[in-house]
$ cat upload_5.cif   # mmCIF, C-alpha atoms
data_run
loop_
_atom_site.label_atom_id
_atom_site.label_comp_id
_atom_site.auth_asym_id
_atom_site.auth_seq_id
_atom_site.Cartn_x
_atom_site.Cartn_y
_atom_site.Cartn_z
CA MET H 1 -154.94 -104.49 94.65
CA MET H 2 -151.38 -105.14 95.79
CA ALA H 3 -150.03 -108.61 95.11
CA SER H 4 -149.19 -110.53 98.23
CA GLU H 5 -145.59 -111.53 98.88
CA ALA H 6 -146.40 -115.16 98.02
CA ASP H 7 -147.76 -114.21 94.59
CA ILE H 8 -144.50 -112.65 93.40
CA PRO H 9 -142.28 -115.18 91.60
CA HIS H 10 -139.15 -115.54 93.62
CA VAL H 11 -135.96 -117.62 93.48
CA GLU H 12 -133.85 -117.92 96.57
CA ILE H 13 -130.46 -119.61 96.69
CA LYS H 14 -129.02 -120.38 100.11
CA ASN H 15 -125.47 -121.51 100.95
CA LEU H 16 -124.98 -123.34 97.66
CA GLY H 17 -121.81 -125.39 97.37
CA CYS H 18 -120.33 -127.49 94.58
CA SER H 19 -117.39 -129.87 94.22
CA ARG H 20 -116.16 -131.56 91.05
CA ALA H 21 -113.72 -134.48 91.08
CA GLY H 22 -112.96 -133.86 94.76
CA ARG H 23 -112.17 -130.15 94.20
CA LYS H 24 -114.37 -127.54 95.80
CA ILE H 25 -115.52 -125.19 93.04
CA PHE H 26 -117.54 -122.78 95.16
CA GLU H 27 -119.28 -122.65 98.51
CA ASN H 28 -121.75 -120.51 100.44
CA ILE H 29 -123.26 -118.95 97.32
CA GLY H 30 -126.48 -117.13 98.10
CA PHE H 31 -128.70 -114.73 96.22
CA SER H 32 -132.31 -113.85 95.76
CA LEU H 33 -134.08 -113.05 92.48
CA ARG H 34 -137.54 -111.59 92.08
CA SER H 35 -139.74 -111.46 89.01
CA GLY H 36 -138.09 -109.24 86.37
CA SER H 37 -134.55 -109.67 87.74
CA LEU H 38 -131.42 -110.22 85.69
CA LEU H 39 -128.38 -111.75 87.35
CA ILE H 40 -125.00 -111.74 85.62
CA ILE H 41 -122.52 -114.33 86.84
CA GLU H 42 -118.92 -113.30 86.38
CA GLY H 43 -115.72 -115.13 87.09
CA ARG H 44 -112.61 -116.39 85.43
CA ASN H 45 -112.50 -119.70 83.56
CA GLY H 46 -113.07 -122.61 85.92
CA SER H 47 -114.65 -120.52 88.65
CA GLY H 48 -117.88 -122.53 88.44
CA LYS H 49 -120.21 -120.38 86.34
CA THR H 50 -121.42 -123.28 84.21
CA SER H 51 -121.63 -125.58 87.24
CA LEU H 52 -123.80 -123.04 89.06
CA LEU H 53 -126.16 -122.77 86.09
CA ARG H 54 -126.34 -126.54 85.74
CA ILE H 55 -127.12 -126.89 89.45
CA LEU H 56 -129.92 -124.34 89.11
CA ALA H 57 -131.24 -126.25 86.08
CA GLY H 58 -131.25 -129.49 88.06
CA LEU H 59 -128.64 -131.06 85.78
CA LEU H 60 -125.93 -131.22 88.42
CA LYS H 61 -126.14 -132.11 92.09
CA ASN H 62 -125.10 -129.51 94.64
CA ASP H 63 -123.02 -130.51 97.68
CA ALA H 64 -124.77 -128.11 99.99
CA GLY H 65 -127.46 -125.48 100.13
CA ASP H 66 -131.00 -125.05 98.86
CA ILE H 67 -132.76 -123.70 95.80
CA ILE H 68 -136.20 -122.39 96.69
CA LEU H 69 -138.74 -121.35 94.06
CA SER H 70 -141.97 -119.68 94.98
CA GLY H 71 -144.73 -117.98 93.05
CA PRO H 72 -147.88 -118.84 91.12
CA ASP H 73 -146.12 -119.08 87.73
CA PHE H 74 -143.81 -121.85 88.81
CA SER H 75 -144.43 -125.49 88.02
CA GLU H 76 -144.41 -128.00 90.86
CA SER H 77 -141.52 -129.72 89.16
CA ASN H 78 -138.50 -127.45 89.61
CA VAL H 79 -136.87 -128.48 86.37
CA GLU H 80 -139.86 -127.39 84.27
CA ASN H 81 -139.39 -123.77 85.37
CA PHE H 82 -136.01 -123.43 83.71
CA HIS H 83 -134.70 -123.16 80.20
CA PHE H 84 -130.99 -123.85 80.00
CA ILE H 85 -128.71 -122.78 77.17
CA GLY H 86 -125.28 -124.32 77.58
CA HIS H 87 -122.19 -124.62 75.46
CA LYS H 88 -123.78 -127.56 73.67
CA GLU H 89 -126.64 -126.34 71.53
CA GLY H 90 -128.94 -129.36 71.44
CA LEU H 91 -129.39 -129.08 67.66
CA LYS H 92 -129.60 -132.01 65.28
CA ALA H 93 -127.86 -131.55 61.95
CA ALA H 94 -130.49 -133.59 60.11
CA LEU H 95 -133.53 -131.66 61.35
CA THR H 96 -134.64 -128.41 59.74
CA VAL H 97 -134.82 -125.16 61.66
CA SER H 98 -138.64 -125.33 61.80
CA GLU H 99 -138.68 -129.00 62.82
CA THR H 100 -136.23 -128.24 65.63
CA LEU H 101 -138.36 -125.43 67.02
CA LYS H 102 -141.59 -127.41 66.60
CA PHE H 103 -140.16 -130.34 68.56
CA TRP H 104 -138.86 -128.25 71.45
CA GLN H 105 -142.04 -126.18 71.53
CA ILE H 106 -143.97 -129.39 72.18
CA LEU H 107 -141.48 -130.85 74.68
CA LEU H 108 -140.73 -127.69 76.66
CA GLY H 109 -144.22 -126.18 76.61
CA LYS H 110 -145.62 -123.64 74.18
CA GLY H 111 -144.42 -120.08 74.73
CA LYS H 112 -145.92 -116.78 73.70
CA ALA H 113 -144.19 -116.53 70.33
CA SER H 114 -145.19 -118.67 67.36
CA ILE H 115 -142.43 -120.36 65.37
CA PRO H 116 -142.64 -117.91 62.40
CA ASP H 117 -142.62 -114.95 64.80
CA ALA H 118 -139.63 -116.28 66.73
CA LEU H 119 -137.72 -116.90 63.49
CA GLU H 120 -138.58 -113.37 62.37
CA ILE H 121 -137.27 -111.90 65.65
CA VAL H 122 -133.95 -113.75 65.44
CA GLY H 123 -133.62 -113.17 61.69
CA LEU H 124 -133.78 -116.79 60.56
CA SER H 125 -137.06 -116.78 58.57
CA HIS H 126 -135.18 -117.30 55.31
CA VAL H 127 -133.56 -120.53 56.52
CA SER H 128 -136.56 -122.08 58.25
CA LEU H 129 -136.64 -125.07 55.90
CA LEU H 130 -132.89 -125.67 55.91
CA PRO H 131 -131.35 -128.48 57.96
CA CYS H 132 -129.36 -127.20 60.95
CA SER H 133 -126.17 -128.59 59.39
CA TYR H 134 -126.29 -125.69 56.89
CA LEU H 135 -126.32 -123.00 59.58
CA SER H 136 -123.27 -120.95 60.56
CA ALA H 137 -122.16 -120.80 64.21
CA GLY H 138 -123.92 -117.45 64.66
CA GLN H 139 -127.13 -118.74 63.05
CA ARG H 140 -127.09 -121.80 65.31
CA ARG H 141 -126.84 -119.45 68.29
CA ARG H 142 -129.74 -117.39 66.94
CA LEU H 143 -131.75 -120.60 66.57
CA ILE H 144 -131.31 -121.50 70.23
CA LEU H 145 -132.45 -117.99 71.12
CA ALA H 146 -135.57 -118.66 69.02
CA ARG H 147 -136.03 -121.84 71.06
CA LEU H 148 -136.21 -119.65 74.17
CA LEU H 149 -139.03 -117.66 72.60
CA VAL H 150 -141.20 -120.56 71.46
CA SER H 151 -141.10 -122.39 74.79
CA HIS H 152 -142.71 -121.31 78.02
CA ARG H 153 -140.19 -121.21 80.84
CA PRO H 154 -140.15 -118.39 83.42
CA ILE H 155 -136.46 -118.69 84.32
CA TRP H 156 -133.76 -118.57 81.65
CA LEU H 157 -130.29 -119.86 82.49
CA LEU H 158 -127.93 -118.78 79.76
CA ASP H 159 -124.31 -119.86 79.58
CA GLU H 160 -122.29 -117.57 77.29
CA PRO H 161 -125.35 -116.91 75.11
CA MET H 162 -123.63 -114.23 73.02
CA THR H 163 -120.85 -116.46 71.73
CA ALA H 164 -120.58 -116.17 67.92
CA LEU H 165 -123.26 -113.45 67.75
CA ASP H 166 -122.53 -110.36 65.66
CA THR H 167 -123.23 -106.82 66.92
CA SER H 168 -126.81 -106.66 65.61
CA ALA H 169 -127.56 -110.09 67.05
CA LYS H 170 -126.24 -109.00 70.45
CA THR H 171 -128.66 -106.07 70.37
CA MET H 172 -131.43 -108.46 69.37
CA PHE H 173 -130.45 -110.74 72.27
CA GLU H 174 -130.63 -107.86 74.76
CA ASN H 175 -134.07 -106.93 73.39
CA ILE H 176 -135.27 -110.51 73.89
CA VAL H 177 -133.98 -110.56 77.47
CA THR H 178 -135.52 -107.15 78.22
CA GLU H 179 -138.88 -108.32 76.88
CA HIS H 180 -138.76 -111.48 79.02
CA LEU H 181 -137.89 -109.46 82.13
CA SER H 182 -140.69 -107.00 81.44
CA GLU H 183 -143.11 -109.95 81.35
CA GLY H 184 -142.00 -110.98 84.84
CA GLY H 185 -139.41 -113.56 83.87
CA ILE H 186 -136.08 -114.14 85.57
CA VAL H 187 -132.79 -114.41 83.67
CA VAL H 188 -129.41 -115.64 84.88
CA ILE H 189 -126.52 -115.18 82.46
CA ALA H 190 -122.95 -116.39 82.78
CA THR H 191 -120.90 -114.23 80.46
CA HIS H 192 -117.68 -112.32 79.91
CA GLU H 193 -119.46 -109.84 77.62
CA PRO H 194 -120.80 -106.48 78.82
CA ILE H 195 -124.60 -106.20 79.06
CA SER H 196 -126.40 -102.86 79.05
CA ILE H 197 -129.58 -104.07 80.79
CA PRO H 198 -129.75 -103.16 84.52
CA HIS H 199 -128.68 -106.20 86.50
CA GLN H 200 -127.29 -107.68 89.68
CA THR H 201 -123.83 -109.23 89.52
CA LEU H 202 -122.49 -112.33 91.20
CA SER H 203 -118.72 -112.75 91.05
CA LEU H 204 -117.40 -116.24 91.48
CA GLY H 205 -113.85 -116.31 92.74
CA SER H 206 -111.49 -119.24 92.87
CA LEU H 207 -111.30 -121.36 95.97
CA SER H 208 -107.92 -122.78 96.83
CA MET Z 1 -148.31 -136.19 77.34
CA THR Z 2 -149.31 -138.36 74.37
CA GLY Z 3 -148.54 -135.48 71.99
CA MET Z 4 -145.06 -135.09 73.47
CA PHE Z 5 -144.42 -138.84 73.27
CA ILE Z 6 -145.51 -138.97 69.62
CA ALA Z 7 -143.36 -135.89 68.83
CA LEU Z 8 -140.36 -137.66 70.37
CA LEU Z 9 -141.07 -140.86 68.39
CA LEU Z 10 -141.42 -138.95 65.12
CA ARG Z 11 -138.21 -137.03 65.77
CA GLU Z 12 -136.26 -140.21 66.47
CA ILE Z 13 -137.64 -141.99 63.41
CA ARG Z 14 -136.98 -138.93 61.23
CA LEU Z 15 -133.39 -138.68 62.50
CA SER Z 16 -132.85 -142.37 61.98
CA ALA Z 17 -134.18 -142.24 58.42
CA ARG Z 18 -132.18 -139.13 57.49
CA ILE Z 19 -128.88 -139.93 59.15
CA GLY Z 20 -128.88 -143.63 58.32
CA GLY Z 21 -126.12 -144.95 60.56
CA GLY Z 22 -127.48 -147.58 62.91
CA PHE Z 23 -130.76 -148.10 61.09
CA SER Z 24 -129.50 -148.76 57.57
CA ALA Z 25 -126.19 -150.23 58.74
CA GLY Z 26 -128.06 -152.77 60.90
CA ILE Z 27 -130.29 -153.86 58.04
CA VAL Z 28 -127.40 -154.12 55.56
CA PHE Z 29 -125.36 -156.11 58.10
CA PHE Z 30 -128.35 -158.43 58.69
CA LEU Z 31 -128.87 -158.99 54.95
CA THR Z 32 -125.15 -159.54 54.37
CA LEU Z 33 -124.71 -161.98 57.22
CA VAL Z 34 -127.73 -164.10 56.35
CA THR Z 35 -126.93 -164.04 52.65
CA ILE Z 36 -123.31 -165.23 52.92
CA ILE Z 37 -123.95 -168.10 55.34
CA PRO Z 38 -125.54 -170.40 52.71
CA PHE Z 39 -122.43 -169.88 50.57
CA ALA Z 40 -120.24 -171.00 53.46
CA ILE Z 41 -122.36 -174.03 54.38
CA GLY Z 42 -122.97 -175.24 50.86
CA PRO Z 43 -126.04 -176.74 49.19
CA ASP Z 44 -127.13 -178.86 52.17
CA LEU Z 45 -130.74 -177.67 52.37
CA ALA Z 46 -131.59 -179.94 55.32
CA LEU Z 47 -128.75 -178.45 57.38
CA LEU Z 48 -129.66 -174.92 56.34
CA ALA Z 49 -133.29 -175.47 57.30
CA LYS Z 50 -132.20 -176.89 60.68
CA ILE Z 51 -129.90 -174.02 61.62
CA GLY Z 52 -131.80 -171.32 59.69
CA PRO Z 53 -133.80 -169.98 62.68
CA ALA Z 54 -130.62 -169.78 64.77
CA ILE Z 55 -128.84 -167.91 61.96
CA LEU Z 56 -131.68 -165.39 61.70
CA TRP Z 57 -131.71 -164.89 65.47
CA ILE Z 58 -127.92 -164.49 65.79
CA ALA Z 59 -127.94 -162.05 62.87
CA SER Z 60 -130.73 -160.09 64.59
CA VAL Z 61 -128.81 -159.88 67.86
CA LEU Z 62 -125.61 -158.71 66.15
CA SER Z 63 -127.47 -156.26 63.88
CA THR Z 64 -129.23 -154.73 66.88
CA LEU Z 65 -125.83 -154.03 68.47
CA ILE Z 66 -124.74 -151.95 65.46
CA GLY Z 67 -125.48 -148.32 66.18
CA LEU Z 68 -126.88 -149.08 69.62
CA ASP Z 69 -124.07 -147.03 71.20
CA ARG Z 70 -125.55 -143.90 69.56
CA LEU Z 71 -128.96 -144.41 71.20
CA PHE Z 72 -128.22 -141.86 73.94
CA GLN Z 73 -124.68 -140.82 73.06
CA ALA Z 74 -125.71 -138.56 70.18
CA ASP Z 75 -128.06 -136.62 72.46
CA GLU Z 76 -125.45 -136.50 75.21
CA GLU Z 77 -122.82 -135.10 72.83
CA ASP Z 78 -124.94 -132.33 71.31
CA GLY Z 79 -126.66 -131.26 74.54
CA SER Z 80 -130.15 -132.52 73.62
CA LEU Z 81 -130.10 -134.89 76.58
CA ASP Z 82 -129.96 -131.94 79.01
CA LEU Z 83 -133.01 -130.38 77.38
CA LEU Z 84 -134.84 -133.72 77.28
CA LYS Z 85 -134.26 -134.05 81.04
CA MET Z 86 -135.84 -130.61 81.46
CA SER Z 87 -138.83 -131.33 79.21
CA GLN Z 88 -142.41 -131.71 80.39
CA LEU Z 89 -142.34 -135.35 79.31
CA PRO Z 90 -141.14 -137.38 82.32
CA PHE Z 91 -137.60 -138.58 81.61
CA VAL Z 92 -138.58 -142.22 82.02
CA TRP Z 93 -141.00 -141.73 79.10
CA VAL Z 94 -138.24 -140.05 77.09
CA VAL Z 95 -136.06 -143.13 77.56
CA PHE Z 96 -138.99 -145.45 76.74
CA GLY Z 97 -139.81 -143.41 73.63
CA LYS Z 98 -136.25 -143.49 72.37
CA CYS Z 99 -136.14 -147.28 72.88
CA VAL Z 100 -139.46 -147.78 71.07
CA ALA Z 101 -138.21 -145.65 68.16
CA HIS Z 102 -134.98 -147.66 68.08
CA TRP Z 103 -136.94 -150.89 67.87
CA MET Z 104 -139.22 -149.47 65.16
CA THR Z 105 -136.19 -148.54 63.07
CA THR Z 106 -134.03 -151.59 63.82
CA GLY Z 107 -135.82 -154.62 65.30
CA LEU Z 108 -139.04 -154.23 63.33
CA PRO Z 109 -137.37 -154.00 59.89
CA LEU Z 110 -135.22 -157.03 60.79
CA THR Z 111 -138.37 -158.93 61.73
CA ILE Z 112 -140.05 -157.97 58.45
CA PHE Z 113 -137.00 -158.98 56.37
CA ALA Z 114 -136.50 -162.28 58.20
CA PRO Z 115 -139.23 -164.28 56.38
CA ILE Z 116 -137.85 -163.18 53.01
CA LEU Z 117 -134.36 -164.27 54.02
CA GLY Z 118 -135.89 -167.48 55.34
CA LEU Z 119 -136.25 -168.51 51.68
CA LEU Z 120 -132.46 -168.37 51.30
CA LEU Z 121 -132.12 -170.64 54.31
CA ALA Z 122 -134.66 -173.19 52.99
CA LEU Z 123 -137.06 -172.62 55.88
CA ASP Z 124 -140.52 -174.12 55.48
CA GLY Z 125 -143.71 -172.12 56.00
CA ASN Z 126 -144.09 -173.16 59.63
CA SER Z 127 -140.52 -172.22 60.59
CA THR Z 128 -140.74 -168.95 58.68
CA GLY Z 129 -143.93 -168.02 60.52
CA THR Z 130 -142.54 -168.89 63.94
CA VAL Z 131 -139.25 -167.07 63.29
CA PHE Z 132 -141.29 -164.00 62.37
CA LEU Z 133 -143.39 -164.29 65.53
CA THR Z 134 -140.46 -164.89 67.86
CA LEU Z 135 -138.48 -162.02 66.37
CA LEU Z 136 -141.53 -159.76 66.65
CA VAL Z 137 -141.81 -160.56 70.36
CA GLY Z 138 -138.09 -160.96 71.12
CA THR Z 139 -136.39 -158.08 69.29
CA PRO Z 140 -137.89 -155.41 71.61
CA ALA Z 141 -136.05 -157.18 74.46
CA LEU Z 142 -132.77 -156.80 72.54
CA THR Z 143 -133.35 -153.05 72.26
CA PHE Z 144 -134.34 -152.56 75.89
CA ILE Z 145 -131.45 -154.67 77.22
CA GLY Z 146 -129.12 -152.82 74.87
CA ALA Z 147 -130.45 -149.51 76.17
CA ILE Z 148 -128.94 -150.26 79.59
CA GLY Z 149 -125.49 -150.59 78.05
CA ALA Z 150 -126.10 -147.56 75.82
CA ALA Z 151 -127.05 -145.47 78.85
CA LEU Z 152 -124.02 -146.64 80.85
CA THR Z 153 -121.66 -145.82 77.97
CA ALA Z 154 -123.41 -142.64 76.77
CA SER Z 155 -120.58 -140.38 77.89
CA LEU Z 156 -117.79 -142.66 76.62
CA ARG Z 157 -116.39 -141.69 73.25
CA ARG Z 158 -115.65 -145.24 72.09
CA GLY Z 159 -118.19 -147.12 74.11
CA GLY Z 160 -119.38 -149.48 71.36
CA LEU Z 161 -117.15 -152.42 72.30
CA ILE Z 162 -117.78 -152.00 76.04
CA LEU Z 163 -121.49 -151.86 75.32
CA SER Z 164 -121.36 -155.16 73.39
CA VAL Z 165 -119.43 -156.85 76.19
CA LEU Z 166 -121.92 -155.53 78.74
CA VAL Z 167 -125.15 -156.45 77.01
CA LEU Z 168 -124.40 -159.57 74.94
CA PRO Z 169 -124.49 -161.91 77.97
CA LEU Z 170 -127.84 -160.41 78.96
CA MET Z 171 -129.19 -161.04 75.46
CA ILE Z 172 -128.33 -164.76 75.50
CA PRO Z 173 -131.56 -165.90 77.29
CA ILE Z 174 -133.56 -164.04 74.64
CA LEU Z 175 -131.56 -165.78 71.92
CA ILE Z 176 -131.98 -169.20 73.55
CA PHE Z 177 -135.75 -168.95 74.01
CA GLY Z 178 -136.23 -167.31 70.60
CA VAL Z 179 -134.52 -170.20 68.83
CA LEU Z 180 -136.05 -172.83 71.15
CA ALA Z 181 -139.56 -171.54 70.47
CA THR Z 182 -138.98 -171.74 66.73
CA GLU Z 183 -137.49 -175.24 66.87
CA SER Z 184 -140.14 -176.55 69.25
CA SER Z 185 -142.89 -175.44 66.87
CA GLN Z 186 -142.14 -178.66 64.93
CA LEU Z 187 -143.22 -180.64 68.02
CA GLY Z 188 -146.60 -179.00 68.34
CA VAL Z 189 -148.40 -175.87 69.47
CA ALA Z 190 -148.05 -176.64 73.19
CA HIS Z 191 -144.24 -176.87 73.02
CA PHE Z 192 -144.07 -173.68 71.00
CA ALA Z 193 -146.48 -171.87 73.32
CA SER Z 194 -144.48 -172.61 76.47
CA HIS Z 195 -141.19 -171.33 75.05
CA PHE Z 196 -142.94 -168.42 73.35
CA ALA Z 197 -144.58 -167.42 76.65
CA ILE Z 198 -141.18 -167.41 78.40
CA LEU Z 199 -139.78 -165.28 75.56
CA GLY Z 200 -142.70 -162.86 75.99
CA GLY Z 201 -142.10 -162.76 79.74
CA LEU Z 202 -138.40 -162.03 79.23
CA THR Z 203 -139.32 -159.20 76.87
CA LEU Z 204 -141.67 -157.66 79.43
CA LEU Z 205 -138.97 -157.92 82.11
CA SER Z 206 -136.46 -156.36 79.71
CA ILE Z 207 -138.78 -153.43 79.08
CA VAL Z 208 -139.25 -152.78 82.81
CA PHE Z 209 -135.58 -153.17 83.78
CA GLY Z 210 -134.25 -151.63 80.56
CA VAL Z 211 -136.23 -148.43 80.93
CA SER Z 212 -135.75 -148.03 84.68
CA LEU Z 213 -132.01 -148.81 84.73
CA SER Z 214 -131.33 -146.68 81.64
CA THR Z 215 -133.23 -143.78 83.19
CA LEU Z 216 -131.27 -144.18 86.41
CA ALA Z 217 -127.93 -144.33 84.58
CA LEU Z 218 -128.70 -141.27 82.44
CA SER Z 219 -130.10 -139.29 85.37
CA THR Z 220 -126.87 -139.68 87.29
CA THR Z 221 -124.77 -138.65 84.26
CA GLU Z 222 -123.51 -135.10 84.73
#

$ encode --input "upload_5.cif" --output "structure tokens"
Amino acid sequence: MMASEADIPHVEIKNLGCSRAGRKIFENIGFSLRSGSLLIIEGRNGSGKTSLLRILAGLLKNDAGDIILSGPDFSESNVENFHFIGHKEGLKAALTVSETLKFWQILLGKGKASIPDALEIVGLSHVSLLPCSYLSAGQRRRLILARLLVSHRPIWLLDEPMTALDTSAKTMFENIVTEHLSEGGIVVIATHEPISIPHQTLSLGSLS
Amino acid sequence: MTGMFIALLLREIRLSARIGGGFSAGIVFFLTLVTIIPFAIGPDLALLAKIGPAILWIASVLSTLIGLDRLFQADEEDGSLDLLKMSQLPFVWVVFGKCVAHWMTTGLPLTIFAPILGLLLALDGNSTGTVFLTLLVGTPALTFIGAIGAALTASLRRGGLILSVLVLPLMIPILIFGVLATESSQLGVAHFASHFAILGGLTLLSIVFGVSLSTLALSTTE
């Protein structure tokens, strides 16, 4: 049986605008994402990539426009549909890798992967009992990718997720994204790095 | 939701115990302050016993302020606050949970230590008991009032002083009724009960306003 239009998870952005400190960052942004879509946001520094992701995540107010989510997998609360990875990692130096994942798994909702499985995928099984303060920059980035796996959020908003990742970790990251898309998830990535997964592109220019 | 709230409490307590900072610094400051005052006043036990409850209360207020600026600032700096806003636990419960954990790691230990330090201040059994009771009921108010200032200064790098200036005036009614309740216990249960009830009422108000205003302040932080 064919799924009806309403059953397909769908994100629609209409005429989105954003200003910071009186300066218009972008305006009239619009795009539509269906289940399994990957959107890459490009643009030079200061073009509003992070602001756009934060608006989508509900962490920043937009000046204009609407964000419409529809589909059976989406929570009534918009914010609970998103997982946001920003420049700040949200890691506590005093908590161990396992404790960190356990906490966010409870707070963000349990995902498909168990904590040992997620650590295995990102290659951090051997440091699971170490405090986060002992991790390198690349390992910290791998840990926040593991956090994506252990929590259940259909839409991933990733701001420069490949920063500090080595070549093998970048491949691992692309595999994780591909897997999420194949399960019907939606991913939006702001990045300057090339990505080999088929995607749509949104270029943010500068507004004078 | 209970599971998420308990997970948040445990995380906060664990962080507080491992990092030290506000928790241990507050206790050490409390012990130091109360210990050195008898040296400054001298061996006048009657005077010490008279001002002892006030000393314990002032020390509690000042000790609570130590580390209070990190209540939300640490999460704001490392990005945890963004994730907490996106969690399944309503943000107002996140704020409440962080305040409860702060009290459990700051106000509660101060309350437990106070009767022991009461011996240094020549407090009798009655005064020691009432100081314990008033601190037990009053110190949560100090945390929840402080949370408003902590939320307003969460994104300021050196917000500690501003926080103290903001919240100390709001803590004065708690201090007044905390000390009054202790002193009035000498006059009988009825006198104590009236002041103690006002202190309890102030604490309840502080919880309501502290949580709602802190949530509002943090929600509007970008």

$ residues_around --input "upload_5.cif" --residues "Thr2 of chain Z" --least-positions-apart "2" --cutoff "12 Å" --atoms "all atoms listed in the file" --output "PDB file with C-alpha atoms, in the coordinates of the input"
ATOM      1  CA  ILE H 106    -143.970-129.390  72.180  1.00  0.00           C
ATOM      2  CA  LEU H 107    -141.480-130.850  74.680  1.00  0.00           C
TER       3      LEU H 107
ATOM      4  CA  MET Z   4    -145.060-135.090  73.470  1.00  0.00           C
ATOM      5  CA  PHE Z   5    -144.420-138.840  73.270  1.00  0.00           C
ATOM      6  CA  ILE Z   6    -145.510-138.970  69.620  1.00  0.00           C
ATOM      7  CA  ALA Z   7    -143.360-135.890  68.830  1.00  0.00           C
ATOM      8  CA  LEU Z   8    -140.360-137.660  70.370  1.00  0.00           C
ATOM      9  CA  LEU Z   9    -141.070-140.860  68.390  1.00  0.00           C
ATOM     10  CA  GLN Z  88    -142.410-131.710  80.390  1.00  0.00           C
ATOM     11  CA  LEU Z  89    -142.340-135.350  79.310  1.00  0.00           C
ATOM     12  CA  PRO Z  90    -141.140-137.380  82.320  1.00  0.00           C
ATOM     13  CA  TRP Z  93    -141.000-141.730  79.100  1.00  0.00           C
ATOM     14  CA  VAL Z  94    -138.240-140.050  77.090  1.00  0.00           C
ATOM     15  CA  GLY Z  97    -139.810-143.410  73.630  1.00  0.00           C
TER      16      GLY Z  97
END

$ interface_residues --input "upload_5.cif" --of "chain Z" --to "chain H" --cutoff "12 Å" --atoms "all atoms listed in the file" --output "CSV table (one decimal) with C-alpha atoms, in the frame of the given file"
chain,number,residue,atom,x,y,z
Z,1,MET,CA,-148.3,-136.2,77.3
Z,2,THR,CA,-149.3,-138.4,74.4
Z,3,GLY,CA,-148.5,-135.5,72.0
Z,4,MET,CA,-145.1,-135.1,73.5
Z,5,PHE,CA,-144.4,-138.8,73.3
Z,6,ILE,CA,-145.5,-139.0,69.6
Z,7,ALA,CA,-143.4,-135.9,68.8
Z,8,LEU,CA,-140.4,-137.7,70.4
Z,9,LEU,CA,-141.1,-140.9,68.4
Z,10,LEU,CA,-141.4,-139.0,65.1
Z,11,ARG,CA,-138.2,-137.0,65.8
Z,12,GLU,CA,-136.3,-140.2,66.5
Z,13,ILE,CA,-137.6,-142.0,63.4
Z,14,ARG,CA,-137.0,-138.9,61.2
Z,15,LEU,CA,-133.4,-138.7,62.5
Z,16,SER,CA,-132.8,-142.4,62.0
Z,17,ALA,CA,-134.2,-142.2,58.4
Z,18,ARG,CA,-132.2,-139.1,57.5
Z,19,ILE,CA,-128.9,-139.9,59.2
Z,20,GLY,CA,-128.9,-143.6,58.3
Z,74,ALA,CA,-125.7,-138.6,70.2
Z,75,ASP,CA,-128.1,-136.6,72.5
Z,76,GLU,CA,-125.4,-136.5,75.2
Z,77,GLU,CA,-122.8,-135.1,72.8
Z,78,ASP,CA,-124.9,-132.3,71.3
Z,79,GLY,CA,-126.7,-131.3,74.5
Z,80,SER,CA,-130.2,-132.5,73.6
Z,81,LEU,CA,-130.1,-134.9,76.6
Z,82,ASP,CA,-130.0,-131.9,79.0
Z,83,LEU,CA,-133.0,-130.4,77.4
Z,84,LEU,CA,-134.8,-133.7,77.3
Z,85,LYS,CA,-134.3,-134.0,81.0
Z,86,MET,CA,-135.8,-130.6,81.5
Z,87,SER,CA,-138.8,-131.3,79.2
Z,88,GLN,CA,-142.4,-131.7,80.4
Z,89,LEU,CA,-142.3,-135.4,79.3
Z,90,PRO,CA,-141.1,-137.4,82.3
Z,91,PHE,CA,-137.6,-138.6,81.6
Z,93,TRP,CA,-141.0,-141.7,79.1
Z,94,VAL,CA,-138.2,-140.0,77.1
Z,218,LEU,CA,-128.7,-141.3,82.4
Z,219,SER,CA,-130.1,-139.3,85.4
Z,220,THR,CA,-126.9,-139.7,87.3
Z,221,THR,CA,-124.8,-138.6,84.3
Z,222,GLU,CA,-123.5,-135.1,84.7

$ residues_around --input "upload_5.cif" --residues "segment 11-21 of chain H" --least-positions-apart "4" --cutoff "6 Å" --atoms "all atoms listed in the file" --output "NGL selection string"
:H and (25-33 or 62-69)

$ write_last_selection --input "upload_5.cif" --atoms "C-alpha atoms" --output "CSV table (one decimal), keeping the file's coordinate frame"
chain,number,residue,atom,x,y,z
H,25,ILE,CA,-115.5,-125.2,93.0
H,26,PHE,CA,-117.5,-122.8,95.2
H,27,GLU,CA,-119.3,-122.6,98.5
H,28,ASN,CA,-121.8,-120.5,100.4
H,29,ILE,CA,-123.3,-119.0,97.3
H,30,GLY,CA,-126.5,-117.1,98.1
H,31,PHE,CA,-128.7,-114.7,96.2
H,32,SER,CA,-132.3,-113.8,95.8
H,33,LEU,CA,-134.1,-113.0,92.5
H,62,ASN,CA,-125.1,-129.5,94.6
H,63,ASP,CA,-123.0,-130.5,97.7
H,64,ALA,CA,-124.8,-128.1,100.0
H,65,GLY,CA,-127.5,-125.5,100.1
H,66,ASP,CA,-131.0,-125.0,98.9
H,67,ILE,CA,-132.8,-123.7,95.8
H,68,ILE,CA,-136.2,-122.4,96.7
H,69,LEU,CA,-138.7,-121.4,94.1

$ atom_distance --input "upload_5.cif" --atom1 "atom CA of Leu48 of chain Z" --atom2 "atom CA of Thr143 of chain Z"
27.3 Å

$ atom_distance --input "upload_5.cif" --atom1 "atom CA of Thr96 of chain H" --atom2 "atom CA of Asp159 of chain H"
23.9 Å

$ axis_aligned_box --input "upload_5.cif" --around "segment 189-196 of chain H" --padding-each-side "4 Å" --output "lines of an AutoDock Vina configuration file"
center_x = -122.1
center_y = -109.6
center_z = 80.2
size_x = 16.8
size_y = 21.5
size_z = 13.2
